[in-house]
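Inspection log for the structure reproduced underneath, given as structure tokens.
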Amino acid sequence: SALGHSPTEGTFLCDPAGYERLLRGVFDSATEASWQTTYRAGDGSRRALLLRAMPEFDLEGRVVTVLATGRDVHDLVQERARAEQMAMTDSLTGLGNRALLAQRLRELHEQRRAYGLAILDLDHFKNINDTLGHRSGDELLAELARRLAAALGGHGLAVRLGGDEFALLVPADATEAGALAERVLAALQLPYSAEGLTLQLSASIGIAIYPQHGS
């Protein structure tokens, strides 16, 4: 509990200086405030804590003390983080989705950073679904997603836009983006196995570079 602790006694908090700023701000402004921080639990782990600080007044309306109460919100914070991750993830492949791509594009524009955006569309993938069934098609898409992530090597973002359409986002210039496209196409052209068959896939890929190709 945060009750009864002064800022200098708040060693249970991971940021006692922030706790002191919270109390000082409430004392000076005479208005209540909330602050989410972390604290050290009895087992030594860090957990999320929501602190609420409220001014207490004397008969003349002056702030004389600040009452701070704390509530463990660790499970709530983790659940919210999981929900946000699910909202940004393609359930079939585990890659990011359109929402995550839009978020990253906004961030790159705000930072005024150059980037390459590649859109990849599998050729004749409908024929695989029609011939081998959607289960085999889904397995191929999942394998393709793994290959895309490996081709990026941690230097970019692969997302599934829907169906058999994917996007790759990399902070890169035209030369780097072109090299990436070659790695991706080489990875895609390796054989796939489905229903005891060996399949060869091909794809169409287009690349645009920001800001060279427009805003």
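If you're wondering about the labels, chains in the structure tokens are A, B, ... by order shown, residues count from 1 in each chain, ligands from 1 in order shown.
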
task: Report the residues of region 25-198 of chain A whose backbone DSSP state falls under strand (DSSP E), written as number ranges by chain.
output: A: 33-40, 46-57, 63-72, 115-122, 157-162, 165-170, 192-194, 197-198

Kindly save the residues from that selection, with C-alpha atoms included, as a PDB file, in the first residue's frame.
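Okay, this is what ended up in result_26.pdb:
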```pdb
ATOM      1  CA  ALA A  33      -4.087  13.581  -9.796  1.00  0.00           C
ATOM      2  CA  SER A  34      -3.379   9.983 -10.826  1.00  0.00           C
ATOM      3  CA  TRP A  35      -0.122   8.375 -11.903  1.00  0.00           C
ATOM      4  CA  GLN A  36       0.719   4.898 -13.135  1.00  0.00           C
ATOM      5  CA  THR A  37       4.087   3.558 -12.085  1.00  0.00           C
ATOM      6  CA  THR A  38       5.664   0.283 -10.965  1.00  0.00           C
ATOM      7  CA  TYR A  39       6.531  -1.097  -7.574  1.00  0.00           C
ATOM      8  CA  ARG A  40       8.516  -4.004  -6.189  1.00  0.00           C
ATOM      9  CA  ARG A  46       7.872  -5.421 -10.706  1.00  0.00           C
ATOM     10  CA  ARG A  47       4.155  -4.804 -10.944  1.00  0.00           C
ATOM     11  CA  ALA A  48       2.053  -1.939 -12.282  1.00  0.00           C
ATOM     12  CA  LEU A  49       0.591   0.401  -9.679  1.00  0.00           C
ATOM     13  CA  LEU A  50      -1.985   3.156 -10.104  1.00  0.00           C
ATOM     14  CA  LEU A  51      -1.550   5.930  -7.548  1.00  0.00           C
ATOM     15  CA  ARG A  52      -4.250   8.473  -6.775  1.00  0.00           C
ATOM     16  CA  ALA A  53      -3.251  11.565  -4.793  1.00  0.00           C
ATOM     17  CA  MET A  54      -5.886  13.845  -3.242  1.00  0.00           C
ATOM     18  CA  PRO A  55      -5.350  17.156  -1.426  1.00  0.00           C
ATOM     19  CA  GLU A  56      -6.720  17.597   2.102  1.00  0.00           C
ATOM     20  CA  PHE A  57      -7.645  21.091   3.238  1.00  0.00           C
ATOM     21  CA  VAL A  63      -3.785  22.278   1.424  1.00  0.00           C
ATOM     22  CA  VAL A  64      -2.221  20.782   4.513  1.00  0.00           C
ATOM     23  CA  THR A  65      -1.672  17.168   3.494  1.00  0.00           C
ATOM     24  CA  VAL A  66      -1.912  14.923   0.464  1.00  0.00           C
ATOM     25  CA  LEU A  67      -3.500  11.501   0.747  1.00  0.00           C
ATOM     26  CA  ALA A  68      -2.120   8.927  -1.694  1.00  0.00           C
ATOM     27  CA  THR A  69      -3.688   5.533  -2.296  1.00  0.00           C
ATOM     28  CA  GLY A  70      -2.395   2.824  -4.560  1.00  0.00           C
ATOM     29  CA  ARG A  71      -4.049   0.007  -6.487  1.00  0.00           C
ATOM     30  CA  ASP A  72      -2.287  -2.895  -8.156  1.00  0.00           C
ATOM     31  CA  TYR A 115      11.406   3.998 -45.911  1.00  0.00           C
ATOM     32  CA  GLY A 116      10.636   1.405 -48.530  1.00  0.00           C
ATOM     33  CA  LEU A 117       7.173  -0.155 -48.814  1.00  0.00           C
ATOM     34  CA  ALA A 118       6.814  -3.346 -50.822  1.00  0.00           C
ATOM     35  CA  ILE A 119       3.454  -4.914 -51.698  1.00  0.00           C
ATOM     36  CA  LEU A 120       3.580  -8.609 -52.535  1.00  0.00           C
ATOM     37  CA  ASP A 121       0.787 -10.625 -54.131  1.00  0.00           C
ATOM     38  CA  LEU A 122       1.039 -14.372 -54.748  1.00  0.00           C
ATOM     39  CA  LEU A 157       8.075  -5.176 -40.619  1.00  0.00           C
ATOM     40  CA  ALA A 158       6.166  -7.889 -42.486  1.00  0.00           C
ATOM     41  CA  VAL A 159       2.369  -7.728 -42.438  1.00  0.00           C
ATOM     42  CA  ARG A 160      -0.447  -9.665 -44.018  1.00  0.00           C
ATOM     43  CA  LEU A 161      -2.902  -7.303 -45.653  1.00  0.00           C
ATOM     44  CA  GLY A 162      -5.455 -10.037 -46.298  1.00  0.00           C
ATOM     45  CA  GLU A 165      -1.414 -10.113 -50.129  1.00  0.00           C
ATOM     46  CA  PHE A 166       1.463  -9.030 -47.907  1.00  0.00           C
ATOM     47  CA  ALA A 167       3.413  -5.846 -47.259  1.00  0.00           C
ATOM     48  CA  LEU A 168       7.006  -5.254 -46.190  1.00  0.00           C
ATOM     49  CA  LEU A 169       8.057  -2.010 -44.550  1.00  0.00           C
ATOM     50  CA  VAL A 170      11.745  -1.210 -44.139  1.00  0.00           C
ATOM     51  CA  TYR A 192       6.809 -25.858 -50.621  1.00  0.00           C
ATOM     52  CA  SER A 193       5.273 -29.129 -49.500  1.00  0.00           C
ATOM     53  CA  ALA A 194       1.521 -29.665 -49.269  1.00  0.00           C
ATOM     54  CA  LEU A 197       3.127 -32.554 -53.276  1.00  0.00           C
ATOM     55  CA  THR A 198       6.028 -30.223 -53.951  1.00  0.00           C
TER      56      THR A 198
END
```

field: Exercise: Thr89 (chain A) partners within 10 Å, only C-alpha atoms, chain neighbours under 3 positions left out, as a ChimeraX atom specification
entry: /A:83-86,92-100,159-160

Can I get the selection written as a CSV table (one decimal), in the first residue's frame, with N, CA and C atoms?
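Result written to result08.csv:
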```
chain,number,residue,atom,x,y,z
A,83,ALA,N,-4.6,-7.4,-25.5
A,83,ALA,CA,-5.7,-7.0,-26.4
A,83,ALA,C,-5.2,-6.1,-27.6
A,84,GLU,N,-4.3,-5.2,-27.2
A,84,GLU,CA,-3.7,-4.3,-28.2
A,84,GLU,C,-2.8,-5.1,-29.2
A,85,GLN,N,-2.1,-6.1,-28.7
A,85,GLN,CA,-1.3,-6.9,-29.6
A,85,GLN,C,-2.1,-7.7,-30.5
A,86,MET,N,-3.2,-8.3,-30.0
A,86,MET,CA,-4.1,-9.1,-30.9
A,86,MET,C,-4.8,-8.2,-31.9
A,92,LEU,N,-3.8,-15.8,-38.5
A,92,LEU,CA,-3.4,-17.0,-39.3
A,92,LEU,C,-1.9,-17.1,-39.3
A,93,THR,N,-1.2,-16.0,-39.6
A,93,THR,CA,0.3,-16.1,-39.8
A,93,THR,C,1.1,-15.6,-38.6
A,94,GLY,N,0.5,-14.8,-37.7
A,94,GLY,CA,1.2,-14.2,-36.6
A,94,GLY,C,2.0,-13.0,-37.0
A,95,LEU,N,1.9,-12.6,-38.3
A,95,LEU,CA,2.5,-11.3,-38.7
A,95,LEU,C,1.6,-10.2,-38.2
A,96,GLY,N,2.1,-8.9,-38.4
A,96,GLY,CA,1.3,-7.8,-38.2
A,96,GLY,C,0.2,-7.7,-39.2
A,97,ASN,N,-0.8,-6.8,-39.0
A,97,ASN,CA,-1.9,-6.6,-39.9
A,97,ASN,C,-1.9,-5.2,-40.4
A,98,ARG,N,-3.0,-4.8,-41.1
A,98,ARG,CA,-3.2,-3.5,-41.7
A,98,ARG,C,-3.1,-2.4,-40.6
A,99,ALA,N,-3.7,-2.7,-39.5
A,99,ALA,CA,-3.6,-1.6,-38.4
A,99,ALA,C,-2.2,-1.4,-37.9
A,100,LEU,N,-1.4,-2.4,-37.8
A,100,LEU,CA,0.0,-2.2,-37.4
A,100,LEU,C,0.8,-1.5,-38.5
A,159,VAL,N,3.8,-7.7,-42.8
A,159,VAL,CA,2.4,-7.7,-42.4
A,159,VAL,C,1.6,-8.5,-43.5
A,160,ARG,N,0.5,-9.1,-43.1
A,160,ARG,CA,-0.4,-9.7,-44.0
A,160,ARG,C,-1.6,-8.7,-44.2
```

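Proximity ranking of A:Asp138, A:Asp75, A:Asp90, A:Glu107 relative to Pro171 (chain A) places A:Glu107 first, based on only C-alpha atoms.
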
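With CA of Ser91 (chain A) on one side and CA of Gln103 (chain A) on the other, the separation reads 18.0 Å.
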
- request: Would you return as an MDAnalysis selection string the members of region 112-194 of chain A that DSSP assigns to helix (DSSP H, G or I) on this structure's backbone?
  value: chainID A and resid 125:132 134:152 174:188

- request: Could you jot down the CA of Ala177 (chain A) to CA of Ile128 (chain A) separation for me, Å, one decimal place?
  value: 29.2 Å

message: Which residues are near Gln189 (chain A)? Cut-off 12 Å, only C-alpha atoms, ignore same chain within fewer than 6 positions. Put them as a PyMOL selection string.
response: chain A and resi 122-123+144+147-148+182-183+198-204
